[in-house]
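Below is the file upload.txt, which contains compact mmCIF, C-alpha atoms.
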```txt
# COMPACT_ATOMS: atom_id res chain seq x y z
CA MET A 217 4.54 95.36 80.37
CA PRO A 218 7.25 94.12 82.75
CA HIS A 219 9.27 96.87 84.37
CA PHE A 220 12.66 95.68 83.01
CA LEU A 221 11.27 95.51 79.44
CA TYR A 222 9.96 99.05 79.76
CA LEU A 223 13.37 100.27 80.91
CA PHE A 224 15.05 98.37 78.07
CA LEU A 225 12.85 100.01 75.44
CA LEU A 226 13.14 103.41 77.11
CA PHE A 227 16.94 103.26 77.06
CA PHE A 228 17.77 101.40 73.85
CA CYS A 229 15.13 102.63 71.40
CA PRO A 230 16.48 106.21 71.35
CA LEU A 231 20.01 104.79 71.09
CA LEU A 232 19.07 102.59 68.12
CA SER A 233 17.28 105.48 66.48
CA PHE A 234 20.31 107.75 66.99
CA ALA A 235 22.67 105.08 65.63
CA GLN A 236 20.52 104.43 62.55
CA GLU A 237 20.27 108.15 61.76
CA ARG A 238 24.01 108.66 62.13
CA LEU A 239 24.83 105.56 60.07
CA GLN A 240 22.58 106.77 57.27
CA GLU A 241 24.20 110.21 57.39
CA ALA A 242 27.63 108.57 57.33
CA GLU A 243 26.66 106.46 54.32
CA ASP A 244 25.38 109.54 52.49
CA SER A 245 28.53 111.49 53.35
CA TYR A 246 30.74 108.63 52.15
CA SER A 247 28.78 108.39 48.89
CA ASN A 248 29.26 112.14 48.39
CA MET A 249 33.02 111.75 49.07
CA GLN A 250 32.73 113.71 52.34
CA TYR A 251 35.01 111.25 54.07
CA LYS A 252 35.94 113.42 57.04
CA ARG A 253 32.26 113.93 57.86
CA ALA A 254 31.63 110.18 57.51
CA THR A 255 34.51 109.48 59.90
CA THR A 256 33.12 111.87 62.52
CA LEU A 257 29.64 110.35 62.33
CA LEU A 258 30.87 106.75 62.54
CA ILE A 259 33.04 107.55 65.57
CA GLU A 260 29.98 109.12 67.25
CA VAL A 261 28.04 105.90 66.66
CA ALA A 262 30.88 103.70 67.94
CA ASP A 263 31.31 105.87 71.05
CA SER A 264 27.57 105.86 71.82
CA ILE A 265 27.41 102.06 71.52
CA GLU A 266 30.45 101.61 73.75
CA LYS A 267 29.12 104.00 76.39
CA SER A 268 25.90 101.96 76.50
CA GLY A 269 27.98 98.86 77.26
CA GLY A 270 27.71 97.34 73.79
CA THR A 271 30.24 96.51 71.09
CA PRO A 272 30.18 98.28 67.71
CA SER A 273 29.70 95.94 64.77
CA SER A 274 32.61 94.91 62.58
CA ASP A 275 30.96 96.83 59.71
CA ILE A 276 31.21 100.12 61.61
CA TYR A 277 34.93 99.63 62.18
CA TYR A 278 35.39 98.46 58.59
CA ASN A 279 33.62 101.54 57.24
CA LEU A 280 35.74 103.73 59.52
CA GLY A 281 38.82 102.07 58.06
CA ASN A 282 37.55 102.79 54.55
CA ALA A 283 36.79 106.43 55.38
CA TYR A 284 40.31 106.93 56.75
CA TYR A 285 41.76 105.06 53.78
CA ARG A 286 40.01 107.46 51.39
CA GLN A 287 41.61 110.36 53.29
CA GLN A 288 45.00 108.66 52.85
CA GLN A 289 45.28 108.25 56.61
CA TYR A 290 46.56 104.71 56.34
CA THR A 291 47.70 104.34 59.96
CA GLU A 292 44.19 105.06 61.25
CA ALA A 293 42.78 102.78 58.56
CA THR A 294 45.08 99.98 59.74
CA LEU A 295 43.84 100.35 63.31
CA PHE A 296 40.16 100.16 62.38
CA TYR A 297 40.60 97.26 59.98
CA LEU A 298 42.25 95.37 62.84
CA ARG A 299 39.33 96.27 65.11
CA ALA A 300 36.91 94.91 62.53
CA LEU A 301 38.95 91.69 62.31
CA ARG A 302 39.03 91.40 66.09
CA ILE A 303 35.24 91.03 66.02
CA ARG A 304 35.02 89.08 62.77
CA PRO A 305 38.25 87.20 61.96
CA ASP A 306 36.86 85.90 58.65
CA PHE A 307 36.17 89.42 57.29
CA GLU A 308 37.95 89.00 53.95
CA HIS A 309 37.37 92.57 52.71
CA ALA A 310 38.96 93.93 55.89
CA LYS A 311 41.97 91.63 55.40
CA VAL A 312 42.45 92.79 51.80
CA ASN A 313 42.09 96.48 52.65
CA LEU A 314 44.44 96.08 55.60
CA ARG A 315 47.10 94.72 53.24
CA HIS A 316 46.56 97.69 50.89
CA ALA A 317 46.87 100.17 53.78
CA GLN A 318 50.09 98.53 54.91
CA LEU A 319 51.50 98.68 51.37
CA HIS A 320 50.70 102.40 51.20
CA LEU A 321 52.70 102.80 54.41
CA GLY A 322 55.61 100.96 52.80
CA LEU A 323 55.14 97.94 55.05
CA GLN A 324 55.13 94.44 53.64
CA GLU A 325 52.96 91.69 55.06
CA ILE A 326 55.09 89.23 57.00
CA GLU A 327 54.35 85.57 56.51
CA HIS A 328 54.16 83.56 59.72
CA ASP A 329 56.60 80.66 59.74
CA GLU A 330 54.21 77.95 60.91
CA MET A 331 53.56 74.35 60.00
CA PHE A 332 50.87 73.97 57.34
CA PHE A 333 48.48 72.12 59.67
CA VAL A 334 48.79 74.89 62.30
CA LYS A 335 47.93 77.51 59.66
CA TRP A 336 45.03 75.37 58.46
CA LEU A 337 43.68 74.93 62.00
CA LYS A 338 43.87 78.68 62.70
CA MET A 339 42.15 79.47 59.42
CA PHE A 340 39.42 76.96 60.25
CA ILE A 341 38.85 78.37 63.75
CA ASN A 342 38.86 81.96 62.48
CA ALA A 343 36.37 81.11 59.75
CA TYR A 344 33.55 81.53 62.29
CA SER A 345 32.84 83.95 65.12
CA VAL A 346 32.11 83.15 68.77
CA GLU A 347 28.37 83.36 68.10
CA GLN A 348 28.59 81.00 65.12
CA TRP A 349 30.66 78.38 66.94
CA THR A 350 28.23 78.61 69.87
CA ALA A 351 25.27 78.13 67.52
CA PHE A 352 26.97 75.08 65.97
CA SER A 353 27.54 73.60 69.44
CA PHE A 354 23.83 73.94 70.28
CA LEU A 355 22.84 72.29 66.99
CA PHE A 356 25.17 69.34 67.59
CA LEU A 357 23.95 69.10 71.19
CA ILE A 358 20.34 68.83 70.00
CA LEU A 359 21.42 66.24 67.43
CA SER A 360 23.14 64.21 70.15
CA PHE A 361 19.94 64.21 72.28
CA VAL A 362 17.89 63.05 69.29
CA ALA A 363 20.43 60.31 68.49
CA ILE A 364 20.46 59.14 72.13
CA ALA A 365 16.67 59.00 72.07
CA VAL A 366 16.82 56.87 68.91
CA TYR A 367 19.33 54.54 70.59
CA PHE A 368 16.98 53.86 73.52
CA LEU A 369 13.90 53.34 71.36
CA PRO A 370 12.69 49.74 71.01
CA ILE A 371 13.64 49.49 67.33
CA ARG A 372 15.97 47.39 65.21
CA ILE A 373 19.57 46.90 66.32
CA PHE A 374 20.88 48.43 63.10
CA ALA A 375 18.95 51.69 63.74
CA ARG A 376 20.12 51.75 67.36
CA LYS A 377 23.74 51.35 66.23
CA ILE A 378 23.34 54.30 63.87
CA GLY A 379 21.80 56.32 66.70
CA PHE A 380 24.74 55.46 68.97
CA SER A 381 27.31 56.39 66.30
CA VAL A 382 25.57 59.68 65.52
CA ALA A 383 25.33 60.48 69.26
CA VAL A 384 29.08 59.95 69.73
CA PHE A 385 29.87 62.06 66.66
CA ALA A 386 27.48 64.84 67.74
CA MET A 387 28.88 64.97 71.29
CA LEU A 388 32.45 65.14 70.00
CA SER A 389 31.42 67.87 67.54
CA THR A 390 29.70 69.78 70.36
CA THR A 391 32.90 69.68 72.42
CA PHE A 392 34.96 70.75 69.40
CA CYS A 393 32.67 73.74 68.72
CA ILE A 394 32.69 74.78 72.39
CA VAL A 395 36.50 74.70 72.42
CA ASN A 396 36.66 76.82 69.26
CA ALA A 397 34.13 79.30 70.66
CA SER A 398 36.24 79.58 73.83
CA ILE A 399 39.39 80.17 71.75
CA GLN A 400 37.64 82.93 69.79
CA ARG A 401 36.24 84.48 72.96
CA TYR A 402 39.68 84.46 74.59
CA ARG A 403 41.25 85.97 71.46
CA TYR A 404 38.63 88.73 71.44
CA HIS A 405 38.99 89.68 75.13
CA HIS A 406 42.79 89.27 75.22
CA ASN A 407 43.74 90.92 71.95
CA THR A 408 47.28 92.28 72.34
CA GLN A 409 47.73 93.92 68.94
CA ALA A 410 48.60 97.59 68.63
CA VAL A 411 49.54 100.03 65.88
CA ILE A 412 52.46 102.47 65.97
CA PHE A 413 51.27 106.06 65.54
CA ALA A 414 54.54 107.90 66.16
CA PRO A 415 56.67 108.75 63.07
CA GLU A 416 59.52 106.65 64.41
CA THR A 417 59.95 104.60 67.57
CA ARG A 418 63.13 102.95 68.83
CA LEU A 419 62.95 99.29 69.83
CA LEU A 420 65.53 98.65 72.56
CA THR A 421 67.00 95.59 74.28
CA SER A 422 65.92 96.73 77.76
CA PRO A 423 63.66 99.38 79.35
CA SER A 424 66.34 102.07 79.39
CA PRO A 425 67.00 104.91 76.95
CA HIS A 426 70.71 104.01 77.07
CA SER A 427 70.24 100.37 76.02
CA LYS A 428 71.13 98.98 72.60
CA GLU A 429 68.77 99.66 69.73
CA ILE A 430 67.33 96.58 67.99
CA SER A 431 65.45 98.39 65.23
CA LYS A 432 63.20 101.34 64.50
CA LEU A 433 59.45 100.90 64.35
CA ARG A 434 57.68 102.86 61.63
CA GLU A 435 54.32 104.58 61.73
CA GLY A 436 51.52 102.13 60.93
CA GLN A 437 53.56 99.09 61.92
CA ILE A 438 51.63 96.39 63.79
CA ILE A 439 53.05 95.12 67.08
CA THR A 440 52.03 92.68 69.80
CA VAL A 441 52.08 94.04 73.35
CA LEU A 442 53.70 91.48 75.65
CA ASN A 443 53.87 93.50 78.85
CA ASP A 444 52.32 96.93 79.30
CA ASP A 445 53.94 98.49 82.36
CA SER A 446 52.69 102.04 81.97
CA ALA A 447 53.72 102.95 85.52
CA LYS A 448 57.35 102.75 84.46
CA GLY A 449 56.73 104.27 81.04
CA TRP A 450 57.94 101.24 79.08
CA VAL A 451 56.24 98.44 77.17
CA HIS A 452 57.61 95.08 76.04
CA VAL A 453 56.51 94.32 72.46
CA CYS A 454 57.04 91.95 69.58
CA ILE A 455 56.93 92.97 65.92
CA ALA A 456 53.87 91.24 64.44
CA GLY A 457 54.69 88.18 62.37
CA THR A 458 58.24 87.92 63.69
CA THR A 459 60.12 86.78 66.78
CA THR A 460 61.79 90.19 67.21
CA LYS A 461 61.09 91.45 70.73
CA GLY A 462 62.19 94.56 72.55
CA TRP A 463 61.24 97.50 74.70
CA MET A 464 59.80 100.83 73.66
CA THR A 465 58.57 103.86 75.54
CA ASP A 466 54.89 103.71 76.46
CA ASN A 467 53.73 106.25 73.89
CA GLY A 468 53.06 106.63 70.22
CA TYR A 469 50.85 103.55 69.80
CA LYS A 470 47.18 102.62 70.07
CA ARG A 471 45.75 99.30 71.18
CA VAL A 472 43.30 97.42 68.99
CA ILE A 473 41.29 96.32 72.00
CA ALA A 474 40.12 99.81 72.98
CA THR A 475 38.63 102.65 70.97
CA HIS A 476 39.64 105.19 73.56
CA SER A 477 43.39 104.58 73.46
CA PRO A 478 45.85 106.71 75.40
CA PRO A 479 46.82 109.86 73.52
CA ILE A 480 50.18 110.03 71.78
CA ARG A 481 52.64 111.73 74.10
```

Target format structure tokens, applied to this file:
Amino acid sequence: MPHFLYLFLLFFCPLLSFAQERLQEAEDSYSNMQYKRATTLLIEVADSIEKSGGTPSSDIYYNLGNAYYRQQQYTEATLFYLRALRIRPDFEHAKVNLRHAQLHLGLQEIEHDEMFFVKWLKMFINAYSVEQWTAFSFLFLILSFVAIAVYFLPIRIFARKIGFSVAVFAMLSTTFCIVNASIQRYRYHHNTQAVIFAPETRLLTSPSPHSKEISKLREGQIITVLNDDSAKGWVHVCIAGTTTKGWMTDNGYKRVIATHSPPIR
């Protein structure tokens, strides 16, 4: 057995076994309405996967969101539903439960004021993950090679024309899928969403406690982090779904992109 394969099995087999055991325990706890226990177990699994350099599945984050939801901890549920959607943008159950969590927090979903074709394009891109768009690109690439081969075969002109047309279509589709995969990959690695965890946070016009107040951010509210300057203790944010921007102190929120977010100060 190659040395690297031996090391892989030695390291990951115990990890997979640990994760499977904990996930089964979490499922049993959830079924028995022991939601706090289920939450603890799922966080253990997510932490162990992250420490190994992997990424927890969207289902783990979704189940964490559900466990917190059952405990009426809707702010935590919001965070984990967003983490599930970061990995799998087309996760419809996570979208629905996120809306329910926001309603329980007294927050209404804000409709984005975008042109219909922009909304349609975003929905189409988000319908598939990075892996799926990448798989589609490989399939179209193979199809383009086959079509090119047909074009160069000594066969009838009509068949060669079809081969040429299919090759052009397949190459354009390959490029389209690669672009969409890149967009999804960028969105995943540059996610700027965050959730307010403090009971009430002031949104100000400038990074100064004496500046004018724009509005108050409520617990569970979703924001977009525009500039995180933690050295100065301020962060420039935008309220999700709006054009309202302002400054808030660098505390009382957790980023979607990281499980181990800074503690609330």

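When atom CA of A:Gly468 is paired with atom CA of A:Ala414, their separation reads 4.5 Å.
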
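Take atom CA of A:Asp466 and atom CA of A:His452: the distance between them is 9.1 Å.
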
May I have the residues within 8 Å of A:Gly281 as a ChimeraX atom specification, using all atoms listed in the file and disregarding those fewer than 3 positions away in the same chain?
-> /A:277-278,284-285,292-297

Any chance you can output those residues with C-alpha atoms as a compact mmCIF listing (two decimals), keeping the file's coordinate frame?
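To be explicit, this is the file written out as out_19.txt:
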```txt
# COMPACT_ATOMS: atom_id res chain seq x y z
CA TYR A 277 34.93 99.63 62.18
CA TYR A 278 35.39 98.46 58.59
CA TYR A 284 40.31 106.93 56.75
CA TYR A 285 41.76 105.06 53.78
CA GLU A 292 44.19 105.06 61.25
CA ALA A 293 42.78 102.78 58.56
CA THR A 294 45.08 99.98 59.74
CA LEU A 295 43.84 100.35 63.31
CA PHE A 296 40.16 100.16 62.38
CA TYR A 297 40.60 97.26 59.98
```

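Comparing the minimum interatomic distances between A:Leu419 and each of A:Gln400, A:Ser381, A:Thr465, A:Thr391, counting all atoms listed in the file, we find that A:Thr465 sits nearest.
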
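The residue that comes closest to A:Phe352, out of A:Tyr367, A:Phe374, A:Phe413, A:Phe392 and on the basis of only C-alpha atoms, is A:Phe392.
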